[in-house]
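A.B. asks: I am attaching a structure below and will ask some questions about it afterwards.
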Amino acid sequence: MNESIFHIRHAEPGDAAALVELARAIGAEPEGWLITNGEWRSSSEERRYLRAIRRSPHAAVLIVEAAEGVVGRLSIARDPHPASRHVADLGLMVAQGFRRRGAGRALMAAAEDWAREAGIQKIELHVFPYNTAAISLYGSLGYEQEGLRKGHLRRGEELVDAILMAKQVGA
Ligand SMILES: CC(C)(COP(=O)(O)OP(=O)(O)OC[C@H]1O[C@@H](n2cnc3c(N)ncnc32)[C@H](O)[C@@H]1OP(=O)(O)O)[C@@H](O)C(=O)NCCC(=O)NCCS
């Protein structure tokens, strides 16, 4: 891991503009890492969303703050279905100029801590089959591939495949 100083904390409504900028930049990368292709909610919608998340015991948005500003984000939320309330789904992104410095791994560790505290037993996520960096990160943390979900995600006009990965994090 490169030497890098950063701090992980819960996002506050005041982080909205920086988080929108981060998501739009990563969504616009030509590789297509995210479901969004550059579109994201507005800063005011993001602010409202973050305010609601801060009040909820069932979801969290964790961010990485560095000297450069906000350089990473992880969102995690409990599944609302009564039969799968022990499961949470997460999404992750780190700014292009800040990758391979341990931020993704640190966000994943913080998410697991939050999940255990919230009584969640299993974390799942979806990743595009070509996203070898993310698949490698998740695999190194003990996430297993549970299957290929065909045409599971809408990306613009297209329905695309996604790998479902998951890890048991609590008893
Ligand atoms: C996937 C992503 C979140 C990883 O974040 P990161 O901060 O770069 O990850 P880390 O520095 O914590 O890497 C941890 C480990 O993951 C693996 N890894 C990360 N990037 C990798 C890459 N490009 N190639 C191979 N392995 C990689 C390595 O095992 C790495 O450990 P190492 O650096 O000691 O070898 C980041 O690349 C990203 O934001 N990509 C664009 C958005 C995205 O794909 N989000 C996930 C959608 S499912």
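Labels used: A, B, ... for chains in the order of the structure tokens, numbers from 1 for residues in each chain, and numbers from 1 for ligands as shown.
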Name the residues of segment 6-99 of chain A that come out as alpha helix (DSSP H) in a backbone DSSP run; write them as an NGL selection string.
C.D. replies: :A and (16-27 or 43-55)
A.B. asks: Show me which residues line ligand 1, defined as having an atom within 10 Å of a ligand atom where only C-alpha atoms and all ligand atoms count, and present them as a ChimeraX atom specification.
C.D. replies: /A:1-2,23,25-27,29,31-35,64,71-74,90-109,125-141,162-165
A.B. asks: Could you name the residues that touch Arg41 of chain A at 12 Å or less, counting only C-alpha atoms, but leaving out those on the same chain fewer than 4 positions away, as a short mmCIF file (atom, residue, chain, number, x, y, z; two decimals) with N, CA and C atoms, in the first residue's frame?
C.D. replies:
```cif
data_model
loop_
_atom_site.label_atom_id
_atom_site.label_comp_id
_atom_site.auth_asym_id
_atom_site.auth_seq_id
_atom_site.Cartn_x
_atom_site.Cartn_y
_atom_site.Cartn_z
N ALA A 16 -22.58 16.94 0.41
CA ALA A 16 -23.37 16.60 -0.78
C ALA A 16 -22.68 17.01 -2.09
N ALA A 17 -22.26 18.26 -2.17
CA ALA A 17 -21.70 18.74 -3.45
C ALA A 17 -20.45 17.94 -3.83
N LEU A 19 -19.72 14.90 -2.96
CA LEU A 19 -20.08 13.51 -3.30
C LEU A 19 -20.71 13.43 -4.69
N VAL A 20 -21.47 14.45 -5.05
CA VAL A 20 -22.06 14.48 -6.40
C VAL A 20 -20.94 14.58 -7.43
N GLU A 21 -19.98 15.46 -7.15
CA GLU A 21 -18.85 15.64 -8.08
C GLU A 21 -18.06 14.34 -8.25
N LEU A 22 -17.83 13.66 -7.12
CA LEU A 22 -17.08 12.40 -7.14
C LEU A 22 -17.82 11.35 -7.99
N ALA A 23 -19.12 11.20 -7.73
CA ALA A 23 -19.91 10.17 -8.44
C ALA A 23 -20.01 10.48 -9.93
N ARG A 24 -20.16 11.75 -10.26
CA ARG A 24 -20.26 12.11 -11.69
C ARG A 24 -18.94 11.83 -12.39
N THR A 36 -24.45 4.18 -13.11
CA THR A 36 -24.65 5.50 -13.71
C THR A 36 -23.53 5.78 -14.72
N GLU A 45 -30.71 17.20 -3.89
CA GLU A 45 -31.29 15.85 -3.65
C GLU A 45 -30.32 15.01 -2.81
N GLU A 46 -29.04 15.13 -3.12
CA GLU A 46 -28.04 14.37 -2.36
C GLU A 46 -28.05 14.82 -0.90
N ARG A 47 -28.19 16.12 -0.67
CA ARG A 47 -28.20 16.65 0.70
C ARG A 47 -29.39 16.07 1.47
N ARG A 48 -30.55 16.06 0.82
CA ARG A 48 -31.76 15.49 1.47
C ARG A 48 -31.56 14.02 1.77
N TYR A 49 -30.96 13.32 0.81
CA TYR A 49 -30.72 11.88 0.96
C TYR A 49 -29.78 11.63 2.15
N LEU A 50 -28.70 12.42 2.24
CA LEU A 50 -27.73 12.23 3.33
C LEU A 50 -28.35 12.55 4.68
#
```
A.B. asks: Please identify all polymer residues within 7 Å of His152 of chain A, counting only C-alpha atoms, omitting same-chain residues fewer than 6 positions from it, and present them as a compact mmCIF listing (two decimals) with N, CA, C and O atoms, in the first residue's frame.
C.D. replies:
```txt
# COMPACT_ATOMS: atom_id res chain seq x y z
N LEU A 159 -29.67 -3.56 -20.63
CA LEU A 159 -29.71 -4.41 -19.43
C LEU A 159 -28.41 -5.20 -19.42
O LEU A 159 -28.08 -5.89 -20.39
N VAL A 160 -27.67 -5.11 -18.32
CA VAL A 160 -26.33 -5.71 -18.30
C VAL A 160 -26.22 -6.76 -17.20
O VAL A 160 -26.96 -6.74 -16.20
N ASP A 161 -25.27 -7.68 -17.40
CA ASP A 161 -25.02 -8.74 -16.42
C ASP A 161 -24.24 -8.19 -15.23
O ASP A 161 -23.46 -7.25 -15.38
N ALA A 162 -24.41 -8.83 -14.09
CA ALA A 162 -23.63 -8.45 -12.91
C ALA A 162 -23.33 -9.70 -12.10
O ALA A 162 -24.16 -10.62 -12.02
```
A.B. asks: Might you pull out every residue within 10 Å of Pro57 of chain A, with only C-alpha atoms counted and same-chain residues fewer than 6 positions away left off, and present them as a list in words?
C.D. replies: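 After dropping sequence-adjacent residues, the list is Ala77, Arg78, Trp114, Glu117 and Ala118 of chain A.
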A.B. asks: To one decimal place, how far is atom CA of Ile120 of chain A from atom CA of Gln168 of chain A in Å?
C.D. replies: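 Atom-to-atom, atom CA of Ile120 of chain A to atom CA of Gln168 of chain A, that is 9.0 Å.
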